[in-house]
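Source file: entry-v1.pdb; contents: PDB, C-alpha atoms, pLDDT in the B column.
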```
ATOM      1  CA  MET A   1     109.599  76.380 194.072  1.00 95.00           C
ATOM      2  CA  ARG A   2     107.085  78.832 192.693  1.00 96.00           C
ATOM      3  CA  ILE A   3     107.338  82.601 192.239  1.00 97.00           C
ATOM      4  CA  ALA A   4     104.386  84.739 191.180  1.00 98.00           C
ATOM      5  CA  VAL A   5     104.441  88.493 190.611  1.00 98.00           C
ATOM      6  CA  GLN A   6     100.915  89.599 189.843  1.00 98.00           C
ATOM      7  CA  SER A   7      98.388  92.402 190.164  1.00 98.00           C
ATOM      8  CA  ALA A   8      95.504  89.998 190.829  1.00 98.00           C
ATOM      9  CA  PRO A   9      94.454  89.186 194.398  1.00 97.00           C
ATOM     10  CA  PHE A  10      95.336  85.739 195.775  1.00 97.00           C
ATOM     11  CA  ASP A  11      93.758  83.371 198.253  1.00 96.00           C
ATOM     12  CA  ALA A  12      96.483  82.314 200.716  1.00 94.00           C
ATOM     13  CA  ALA A  13      94.552  79.232 201.855  1.00 94.00           C
ATOM     14  CA  ALA A  14      94.018  78.032 198.300  1.00 95.00           C
ATOM     15  CA  GLU A  15      97.661  78.711 197.421  1.00 94.00           C
ATOM     16  CA  ILE A  16      98.987  76.366 200.117  1.00 93.00           C
ATOM     17  CA  ALA A  17      96.591  73.506 199.373  1.00 92.00           C
ATOM     18  CA  GLY A  18      98.908  70.650 198.458  1.00 90.00           C
ATOM     19  CA  PHE A  19     102.014  72.756 199.082  1.00 94.00           C
ATOM     20  CA  GLY A  20     104.903  70.510 200.183  1.00 90.00           C
ATOM     21  CA  ALA A  21     102.802  67.377 199.587  1.00 90.00           C
ATOM     22  CA  GLY A  22     104.790  64.259 198.773  1.00 91.00           C
ATOM     23  CA  THR A  23     108.076  65.756 199.963  1.00 93.00           C
ATOM     24  CA  ASN A  24     108.152  64.201 203.458  1.00 91.00           C
ATOM     25  CA  ALA A  25     108.299  67.716 204.940  1.00 95.00           C
ATOM     26  CA  GLY A  26     107.459  67.860 208.647  1.00 96.00           C
ATOM     27  CA  ALA A  27     106.945  71.620 208.842  1.00 97.00           C
ATOM     28  CA  LEU A  28     105.052  74.145 206.800  1.00 97.00           C
ATOM     29  CA  VAL A  29     105.294  77.877 207.574  1.00 97.00           C
ATOM     30  CA  THR A  30     103.286  80.571 205.828  1.00 97.00           C
ATOM     31  CA  PHE A  31     103.358  84.331 206.167  1.00 97.00           C
ATOM     32  CA  THR A  32     100.893  86.730 204.569  1.00 97.00           C
ATOM     33  CA  GLY A  33     101.525  90.472 204.512  1.00 97.00           C
ATOM     34  CA  LEU A  34      98.495  92.797 204.485  1.00 96.00           C
ATOM     35  CA  VAL A  35      98.267  96.443 203.457  1.00 96.00           C
ATOM     36  CA  ARG A  36      98.445  98.437 206.692  1.00 93.00           C
ATOM     37  CA  ASP A  37      97.353 102.020 207.258  1.00 92.00           C
ATOM     38  CA  ASP A  38      99.729 103.757 209.674  1.00 86.00           C
ATOM     39  CA  SER A  39      98.394 107.277 209.178  1.00 85.00           C
ATOM     40  CA  GLY A  40      94.701 106.434 209.481  1.00 90.00           C
ATOM     41  CA  ARG A  41      94.081 108.388 206.268  1.00 92.00           C
ATOM     42  CA  MET A  42      95.357 106.045 203.581  1.00 94.00           C
ATOM     43  CA  GLN A  43      92.932 105.313 200.742  1.00 94.00           C
ATOM     44  CA  ALA A  44      95.148 102.997 198.750  1.00 96.00           C
ATOM     45  CA  LEU A  45      98.675 101.726 198.347  1.00 97.00           C
ATOM     46  CA  GLU A  46     100.215 101.718 194.903  1.00 98.00           C
ATOM     47  CA  LEU A  47     103.059  99.302 194.231  1.00 98.00           C
ATOM     48  CA  GLU A  48     105.382  99.920 191.327  1.00 98.00           C
ATOM     49  CA  HIS A  49     107.850  97.218 190.300  1.00 98.00           C
ATOM     50  CA  TYR A  50     110.549  96.477 187.742  1.00 98.00           C
ATOM     51  CA  PRO A  51     109.118  93.788 185.430  1.00 98.00           C
ATOM     52  CA  GLY A  52     111.751  91.173 184.699  1.00 97.00           C
ATOM     53  CA  MET A  53     114.139  92.158 187.463  1.00 98.00           C
ATOM     54  CA  THR A  54     111.461  91.517 190.085  1.00 98.00           C
ATOM     55  CA  GLU A  55     111.035  87.885 189.070  1.00 98.00           C
ATOM     56  CA  ARG A  56     114.796  87.367 188.779  1.00 97.00           C
ATOM     57  CA  ALA A  57     115.562  88.969 192.137  1.00 98.00           C
ATOM     58  CA  ILE A  58     112.883  86.951 193.940  1.00 98.00           C
ATOM     59  CA  ALA A  59     113.992  83.709 192.274  1.00 98.00           C
ATOM     60  CA  LYS A  60     117.554  84.347 193.401  1.00 97.00           C
ATOM     61  CA  ILE A  61     116.446  84.948 197.004  1.00 98.00           C
ATOM     62  CA  ALA A  62     114.188  81.871 196.968  1.00 98.00           C
ATOM     63  CA  GLU A  63     116.919  79.668 195.481  1.00 98.00           C
ATOM     64  CA  GLU A  64     119.272  80.735 198.237  1.00 98.00           C
ATOM     65  CA  ALA A  65     116.652  79.868 200.867  1.00 98.00           C
ATOM     66  CA  MET A  66     116.022  76.472 199.223  1.00 98.00           C
ATOM     67  CA  THR A  67     119.727  75.618 199.378  1.00 98.00           C
ATOM     68  CA  ARG A  68     120.588  77.100 202.740  1.00 98.00           C
ATOM     69  CA  TRP A  69     117.738  75.470 204.686  1.00 98.00           C
ATOM     70  CA  SER A  70     117.385  72.376 202.448  1.00 98.00           C
ATOM     71  CA  LEU A  71     113.758  73.286 201.874  1.00 98.00           C
ATOM     72  CA  ALA A  72     111.377  70.747 200.410  1.00 97.00           C
ATOM     73  CA  ASP A  73     109.485  73.589 198.730  1.00 97.00           C
ATOM     74  CA  CYS A  74     109.159  77.354 198.679  1.00 97.00           C
ATOM     75  CA  LEU A  75     106.462  79.733 197.429  1.00 98.00           C
ATOM     76  CA  VAL A  76     106.558  83.516 196.997  1.00 98.00           C
ATOM     77  CA  ILE A  77     103.636  85.586 195.724  1.00 98.00           C
ATOM     78  CA  HIS A  78     103.991  89.378 195.527  1.00 98.00           C
ATOM     79  CA  ARG A  79     101.420  91.772 194.138  1.00 98.00           C
ATOM     80  CA  PHE A  80     101.834  95.102 192.375  1.00 98.00           C
ATOM     81  CA  GLY A  81      99.391  97.805 191.327  1.00 98.00           C
ATOM     82  CA  ARG A  82      96.734  99.533 193.403  1.00 98.00           C
ATOM     83  CA  LEU A  83      95.750  97.848 196.681  1.00 98.00           C
ATOM     84  CA  THR A  84      93.374  98.860 199.454  1.00 96.00           C
ATOM     85  CA  VAL A  85      93.879  98.650 203.227  1.00 96.00           C
ATOM     86  CA  GLY A  86      93.601  95.118 204.597  1.00 95.00           C
ATOM     87  CA  GLU A  87      94.217  93.397 201.252  1.00 96.00           C
ATOM     88  CA  PRO A  88      96.876  90.676 201.079  1.00 97.00           C
ATOM     89  CA  ILE A  89      99.963  92.167 199.439  1.00 97.00           C
ATOM     90  CA  MET A  90     102.323  89.197 199.484  1.00 98.00           C
ATOM     91  CA  MET A  91     102.888  85.765 200.946  1.00 98.00           C
ATOM     92  CA  VAL A  92     105.687  83.301 201.453  1.00 98.00           C
ATOM     93  CA  ALA A  93     105.465  79.622 202.301  1.00 98.00           C
ATOM     94  CA  THR A  94     108.268  77.260 203.193  1.00 98.00           C
ATOM     95  CA  ALA A  95     108.258  73.502 203.679  1.00 98.00           C
ATOM     96  CA  ALA A  96     111.112  71.741 205.474  1.00 98.00           C
ATOM     97  CA  ARG A  97     111.814  68.596 207.497  1.00 97.00           C
ATOM     98  CA  HIS A  98     111.854  70.552 210.762  1.00 97.00           C
ATOM     99  CA  ARG A  99     110.167  73.745 211.949  1.00 97.00           C
ATOM    100  CA  ALA A 100     113.346  75.720 212.765  1.00 98.00           C
ATOM    101  CA  ALA A 101     114.413  75.606 209.122  1.00 98.00           C
ATOM    102  CA  ALA A 102     110.919  76.452 207.852  1.00 98.00           C
ATOM    103  CA  PHE A 103     110.581  79.466 210.210  1.00 98.00           C
ATOM    104  CA  GLU A 104     114.097  80.747 209.580  1.00 98.00           C
ATOM    105  CA  ALA A 105     113.826  80.431 205.815  1.00 98.00           C
ATOM    106  CA  ALA A 106     110.501  82.323 205.865  1.00 98.00           C
ATOM    107  CA  GLU A 107     112.097  85.144 207.877  1.00 97.00           C
ATOM    108  CA  PHE A 108     115.077  85.229 205.540  1.00 98.00           C
ATOM    109  CA  LEU A 109     112.740  85.489 202.540  1.00 98.00           C
ATOM    110  CA  MET A 110     110.787  88.318 204.179  1.00 97.00           C
ATOM    111  CA  ASP A 111     113.923  90.255 205.148  1.00 96.00           C
ATOM    112  CA  TYR A 112     115.349  90.023 201.638  1.00 97.00           C
ATOM    113  CA  LEU A 113     112.070  90.762 199.841  1.00 97.00           C
ATOM    114  CA  LYS A 114     111.791  94.004 201.835  1.00 95.00           C
ATOM    115  CA  SER A 115     114.987  95.537 200.527  1.00 93.00           C
ATOM    116  CA  ARG A 116     116.215  93.448 197.578  1.00 96.00           C
ATOM    117  CA  ALA A 117     113.068  92.918 195.512  1.00 98.00           C
ATOM    118  CA  PRO A 118     112.465  95.920 193.223  1.00 98.00           C
ATOM    119  CA  PHE A 119     109.123  97.189 194.517  1.00 98.00           C
ATOM    120  CA  TRP A 120     108.287 100.744 195.548  1.00 98.00           C
ATOM    121  CA  LYS A 121     105.265 101.658 197.649  1.00 97.00           C
ATOM    122  CA  LYS A 122     103.318 104.860 197.322  1.00 97.00           C
ATOM    123  CA  GLU A 123     100.639 105.832 199.837  1.00 96.00           C
ATOM    124  CA  ILE A 124      97.558 107.576 198.505  1.00 96.00           C
ATOM    125  CA  SER A 125      95.511 109.717 200.903  1.00 95.00           C
ATOM    126  CA  PRO A 126      93.171 112.733 200.616  1.00 94.00           C
ATOM    127  CA  ASP A 127      96.251 114.880 201.377  1.00 91.00           C
ATOM    128  CA  GLY A 128      98.067 113.618 198.278  1.00 95.00           C
ATOM    129  CA  THR A 129     100.572 110.898 197.535  1.00 96.00           C
ATOM    130  CA  CYS A 130     103.765 109.947 199.316  1.00 95.00           C
ATOM    131  CA  TRP A 131     106.509 107.441 198.449  1.00 97.00           C
ATOM    132  CA  VAL A 132     107.265 105.147 201.369  1.00 95.00           C
ATOM    133  CA  ALA A 133     110.903 105.574 202.404  1.00 94.00           C
ATOM    134  CA  ALA A 134     113.041 102.490 203.018  1.00 93.00           C
ATOM    135  CA  LYS A 135     113.875 101.986 206.689  1.00 92.00           C
ATOM    136  CA  ALA A 136     117.468 101.632 207.888  1.00 89.00           C
ATOM    137  CA  SER A 137     116.213  98.813 210.135  1.00 91.00           C
ATOM    138  CA  ASP A 138     115.163  96.829 207.046  1.00 91.00           C
ATOM    139  CA  GLU A 139     118.671  97.081 205.619  1.00 89.00           C
ATOM    140  CA  ASP A 140     120.162  96.219 209.030  1.00 90.00           C
ATOM    141  CA  ALA A 141     117.952  93.112 209.192  1.00 91.00           C
ATOM    142  CA  LEU A 142     120.015  91.585 206.369  1.00 92.00           C
ATOM    143  CA  THR A 143     123.194  91.549 208.443  1.00 92.00           C
ATOM    144  CA  ARG A 144     121.914  88.702 210.625  1.00 92.00           C
ATOM    145  CA  TRP A 145     121.904  86.387 207.610  1.00 94.00           C
TER     146      TRP A 145
ATOM    147  CA  MET B 146     123.136 103.340 172.748  1.00 93.00           C
ATOM    148  CA  ILE B 147     121.935 102.271 176.134  1.00 97.00           C
ATOM    149  CA  ASP B 148     118.424 101.952 177.590  1.00 98.00           C
ATOM    150  CA  VAL B 149     118.001 103.949 180.774  1.00 98.00           C
ATOM    151  CA  VAL B 150     114.966 103.247 182.963  1.00 98.00           C
ATOM    152  CA  TYR B 151     113.685 105.086 186.008  1.00 98.00           C
ATOM    153  CA  PHE B 152     111.367 104.028 188.807  1.00 98.00           C
ATOM    154  CA  ALA B 153     109.325 105.581 191.620  1.00 98.00           C
ATOM    155  CA  TRP B 154     110.203 109.197 192.493  1.00 98.00           C
ATOM    156  CA  VAL B 155     113.210 109.143 190.163  1.00 98.00           C
ATOM    157  CA  ARG B 156     110.805 108.480 187.264  1.00 98.00           C
ATOM    158  CA  GLU B 157     108.467 111.225 188.478  1.00 97.00           C
ATOM    159  CA  ARG B 158     111.254 113.770 188.921  1.00 97.00           C
ATOM    160  CA  ILE B 159     112.794 113.104 185.509  1.00 97.00           C
ATOM    161  CA  GLY B 160     109.364 112.882 183.923  1.00 97.00           C
ATOM    162  CA  LEU B 161     109.722 109.713 181.880  1.00 97.00           C
ATOM    163  CA  PRO B 162     109.981 105.978 182.559  1.00 98.00           C
ATOM    164  CA  ARG B 163     112.536 105.024 179.916  1.00 98.00           C
ATOM    165  CA  GLU B 164     114.765 106.514 177.244  1.00 98.00           C
ATOM    166  CA  ARG B 165     117.551 105.537 174.867  1.00 98.00           C
ATOM    167  CA  VAL B 166     120.742 107.416 175.547  1.00 97.00           C
ATOM    168  CA  GLU B 167     123.698 107.931 173.244  1.00 96.00           C
ATOM    169  CA  THR B 168     126.674 107.825 175.566  1.00 95.00           C
ATOM    170  CA  ARG B 169     130.343 107.017 175.823  1.00 91.00           C
ATOM    171  CA  ALA B 170     130.257 106.955 179.621  1.00 97.00           C
ATOM    172  CA  ALA B 171     132.697 104.400 181.005  1.00 98.00           C
ATOM    173  CA  THR B 172     130.955 103.938 184.348  1.00 98.00           C
ATOM    174  CA  VAL B 173     127.547 104.470 185.920  1.00 98.00           C
ATOM    175  CA  ALA B 174     128.905 107.552 187.713  1.00 98.00           C
ATOM    176  CA  ASP B 175     130.017 108.996 184.337  1.00 98.00           C
ATOM    177  CA  LEU B 176     126.532 108.415 182.924  1.00 98.00           C
ATOM    178  CA  VAL B 177     124.988 110.144 185.962  1.00 98.00           C
ATOM    179  CA  ALA B 178     127.295 113.141 185.382  1.00 97.00           C
ATOM    180  CA  GLU B 179     126.311 113.285 181.688  1.00 97.00           C
ATOM    181  CA  LEU B 180     122.596 113.120 182.441  1.00 97.00           C
ATOM    182  CA  SER B 181     122.848 115.652 185.279  1.00 97.00           C
ATOM    183  CA  ALA B 182     124.521 118.132 182.928  1.00 97.00           C
ATOM    184  CA  ARG B 183     121.588 117.881 180.491  1.00 95.00           C
ATOM    185  CA  GLU B 184     118.775 119.562 182.386  1.00 95.00           C
ATOM    186  CA  GLU B 185     117.758 120.640 185.842  1.00 96.00           C
ATOM    187  CA  ARG B 186     115.260 117.772 186.292  1.00 97.00           C
ATOM    188  CA  TYR B 187     118.087 115.233 185.897  1.00 98.00           C
ATOM    189  CA  ALA B 188     120.371 117.192 188.216  1.00 97.00           C
ATOM    190  CA  ALA B 189     117.560 117.250 190.804  1.00 96.00           C
ATOM    191  CA  ALA B 190     116.953 113.504 190.525  1.00 97.00           C
ATOM    192  CA  PHE B 191     120.654 112.682 190.810  1.00 98.00           C
ATOM    193  CA  ALA B 192     121.526 115.345 193.414  1.00 97.00           C
ATOM    194  CA  ASP B 193     122.217 112.749 196.102  1.00 96.00           C
ATOM    195  CA  ILE B 194     123.222 109.394 194.647  1.00 94.00           C
ATOM    196  CA  SER B 195     123.548 107.920 198.130  1.00 94.00           C
ATOM    197  CA  ALA B 196     119.724 108.000 198.089  1.00 94.00           C
ATOM    198  CA  LEU B 197     119.660 105.981 194.857  1.00 97.00           C
ATOM    199  CA  ARG B 198     120.299 102.438 193.732  1.00 98.00           C
ATOM    200  CA  VAL B 199     121.368 101.238 190.293  1.00 98.00           C
ATOM    201  CA  ALA B 200     120.799  97.992 188.404  1.00 98.00           C
ATOM    202  CA  LEU B 201     122.727  96.915 185.300  1.00 98.00           C
ATOM    203  CA  ASP B 202     120.838  94.500 183.043  1.00 98.00           C
ATOM    204  CA  GLN B 203     118.453  93.873 185.924  1.00 98.00           C
ATOM    205  CA  GLU B 204     121.130  93.021 188.510  1.00 97.00           C
ATOM    206  CA  LEU B 205     121.771  95.327 191.457  1.00 97.00           C
ATOM    207  CA  SER B 206     125.115  97.071 190.970  1.00 98.00           C
ATOM    208  CA  GLU B 207     127.268 100.015 192.109  1.00 97.00           C
ATOM    209  CA  PHE B 208     127.855 103.534 190.805  1.00 98.00           C
ATOM    210  CA  ASP B 209     131.534 102.826 190.064  1.00 97.00           C
ATOM    211  CA  ALA B 210     130.649  99.802 187.908  1.00 98.00           C
ATOM    212  CA  PRO B 211     131.747  99.819 184.236  1.00 98.00           C
ATOM    213  CA  LEU B 212     129.089 100.131 181.507  1.00 98.00           C
ATOM    214  CA  ALA B 213     130.905  98.109 178.838  1.00 95.00           C
ATOM    215  CA  GLY B 214     128.480  95.590 177.336  1.00 96.00           C
ATOM    216  CA  VAL B 215     125.544  96.791 179.433  1.00 98.00           C
ATOM    217  CA  ARG B 216     122.220  97.176 177.593  1.00 98.00           C
ATOM    218  CA  GLU B 217     119.932  98.491 180.331  1.00 98.00           C
ATOM    219  CA  VAL B 218     120.679 100.765 183.282  1.00 98.00           C
ATOM    220  CA  ALA B 219     117.991 101.362 185.911  1.00 98.00           C
ATOM    221  CA  PHE B 220     117.933 104.073 188.566  1.00 98.00           C
ATOM    222  CA  PHE B 221     115.581 103.909 191.540  1.00 98.00           C
ATOM    223  CA  PRO B 222     115.268 104.670 195.256  1.00 98.00           C
ATOM    224  CA  PRO B 223     115.948 101.975 197.889  1.00 97.00           C
ATOM    225  CA  MET B 224     113.391  99.211 197.437  1.00 97.00           C
ATOM    226  CA  THR B 225     110.344  98.809 199.669  1.00 96.00           C
ATOM    227  CA  GLY B 226     108.957  95.354 199.014  1.00 95.00           C
ATOM    228  CA  GLY B 227     107.357  92.908 201.403  1.00 91.00           C
TER     229      GLY B 227
END
```
Kindly transcribe the structure held in the file into structure tokens.
Amino acid sequence: MRIAVQSAPFDAAAEIAGFGAGTNAGALVTFTGLVRDDSGRMQALELEHYPGMTERAIAKIAEEAMTRWSLADCLVIHRFGRLTVGEPIMMVATAARHRAAAFEAAEFLMDYLKSRAPFWKKEISPDGTCWVAAKASDEDALTRW
Amino acid sequence: MIDVVYFAWVRERIGLPRERVETRAATVADLVAELSAREERYAAAFADISALRVALDQELSEFDAPLAGVREVAFFPPMTGG
């Protein structure tokens, strides 16, 4: 299991080289989230986080995924700081014996990272700045787990 | 003494990221009441606590939680990771 909270960019392909190797995993799922511009006017996205709590919260979520789906391995990378449209913002990777577990665990990680990892997004546009509000649907997504 | 930290728009509204607070508040809600009574910027930030989340020593908690033994209280809006 590896957790990285960083401002530096990452290369998703390089990150999964060797991931799950030697574990007899039969399935490897990866998800990469990119900075999206919904308004068509966004210049940058600024991510604030809570140093210390962020790492702890993500580790707790990842440990639960490891146990619940008997994962062979699990990787979470999440960036903070100023990002531009199209840049990778975060990724998760899961390795398991079978694909159902790998897919489900990746979705679980994504759902929990959205509303239980202490990050806050602020959109920067020529019109000013705007904090992104949490969606009720993101909170509701947790009930299925 | 307790460390109180603020994030996102709560930090912007209060105007500082962190402060040490001398308090005898028994619960988070008591601390919120004390801070709100200080100045308008605190009252504005804490006007609707249903729009806020709280963490005690970096663990998500509740507003009725006791503060005994707690070193760091954090206030922030609902998280938007992922």
Could you please tell me, as number ranges by chain, which residues of chain B have an atom within 9 Å of chain A when using all atoms listed in the file? B: 152-154, 200, 202-205, 221-227
Please produce an output containing C-alpha atoms for each residue in the selection, written as a compact mmCIF listing (two decimals), in the coordinates of the input.
```txt
# COMPACT_ATOMS: atom_id res chain seq x y z
CA PHE B 152 111.37 104.03 188.81
CA ALA B 153 109.32 105.58 191.62
CA TRP B 154 110.20 109.20 192.49
CA ALA B 200 120.80 97.99 188.40
CA ASP B 202 120.84 94.50 183.04
CA GLN B 203 118.45 93.87 185.92
CA GLU B 204 121.13 93.02 188.51
CA LEU B 205 121.77 95.33 191.46
CA PHE B 221 115.58 103.91 191.54
CA PRO B 222 115.27 104.67 195.26
CA PRO B 223 115.95 101.98 197.89
CA MET B 224 113.39 99.21 197.44
CA THR B 225 110.34 98.81 199.67
CA GLY B 226 108.96 95.35 199.01
CA GLY B 227 107.36 92.91 201.40
```
Taking the file above as input, evaluate the PyMOL selection byres ((chain B and resi 197) around 10) and report the hits as a VMD selection string. chain B and resid 155 190 to 196 198 to 199 208 220 to 224
Which polymer residues, whether protein, DNA or RNA, lie within 7 Å of the coordinate (131.3, 99.7, 176.1) when you count all atoms listed in the file? List them as a ChimeraX atom specification, using the chain letters and numbers from the file. /B:171,212-214
The PyMOL selection byres ((chain B and resi 217) around 9) resolved against shown file, as a PDB file with C-alpha atoms, in the frame of the given file:
```
ATOM      1  CA  ILE B 147     121.935 102.271 176.134  1.00 97.00           C
ATOM      2  CA  ASP B 148     118.424 101.952 177.590  1.00 98.00           C
ATOM      3  CA  VAL B 149     118.001 103.949 180.774  1.00 98.00           C
ATOM      4  CA  VAL B 150     114.966 103.247 182.963  1.00 98.00           C
ATOM      5  CA  ALA B 200     120.799  97.992 188.404  1.00 98.00           C
ATOM      6  CA  LEU B 201     122.727  96.915 185.300  1.00 98.00           C
ATOM      7  CA  ASP B 202     120.838  94.500 183.043  1.00 98.00           C
ATOM      8  CA  GLN B 203     118.453  93.873 185.924  1.00 98.00           C
ATOM      9  CA  VAL B 215     125.544  96.791 179.433  1.00 98.00           C
ATOM     10  CA  ARG B 216     122.220  97.176 177.593  1.00 98.00           C
ATOM     11  CA  VAL B 218     120.679 100.765 183.282  1.00 98.00           C
ATOM     12  CA  ALA B 219     117.991 101.362 185.911  1.00 98.00           C
TER      13      ALA B 219
END
```
Padding of 4 Å on every side, edges along x, y and z, all listed atoms of segment 114-125 of chain A included: what centre and edge lengths in Å, to one decimal, does that box have, as AutoDock Vina command-line options?
```
--center_x 105.9 --center_y 101.3 --center_z 197.5 --size_x 28.7 --size_y 24.8 --size_z 16.6
```
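Proximity to Tyr187 of chain B at 10 Å, evaluated using only C-alpha atoms and with sequence-adjacent residues fewer than 6 positions away removed, yields Val155, Arg158, Ile159, Gly160, Val177, Ala178, Glu179, Leu180 and Ser181 of chain B.
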One-decimal distance in Å that lies between atom CA of Ile61 of chain A and atom CA of Ile3 of chain A: 10.5 Å
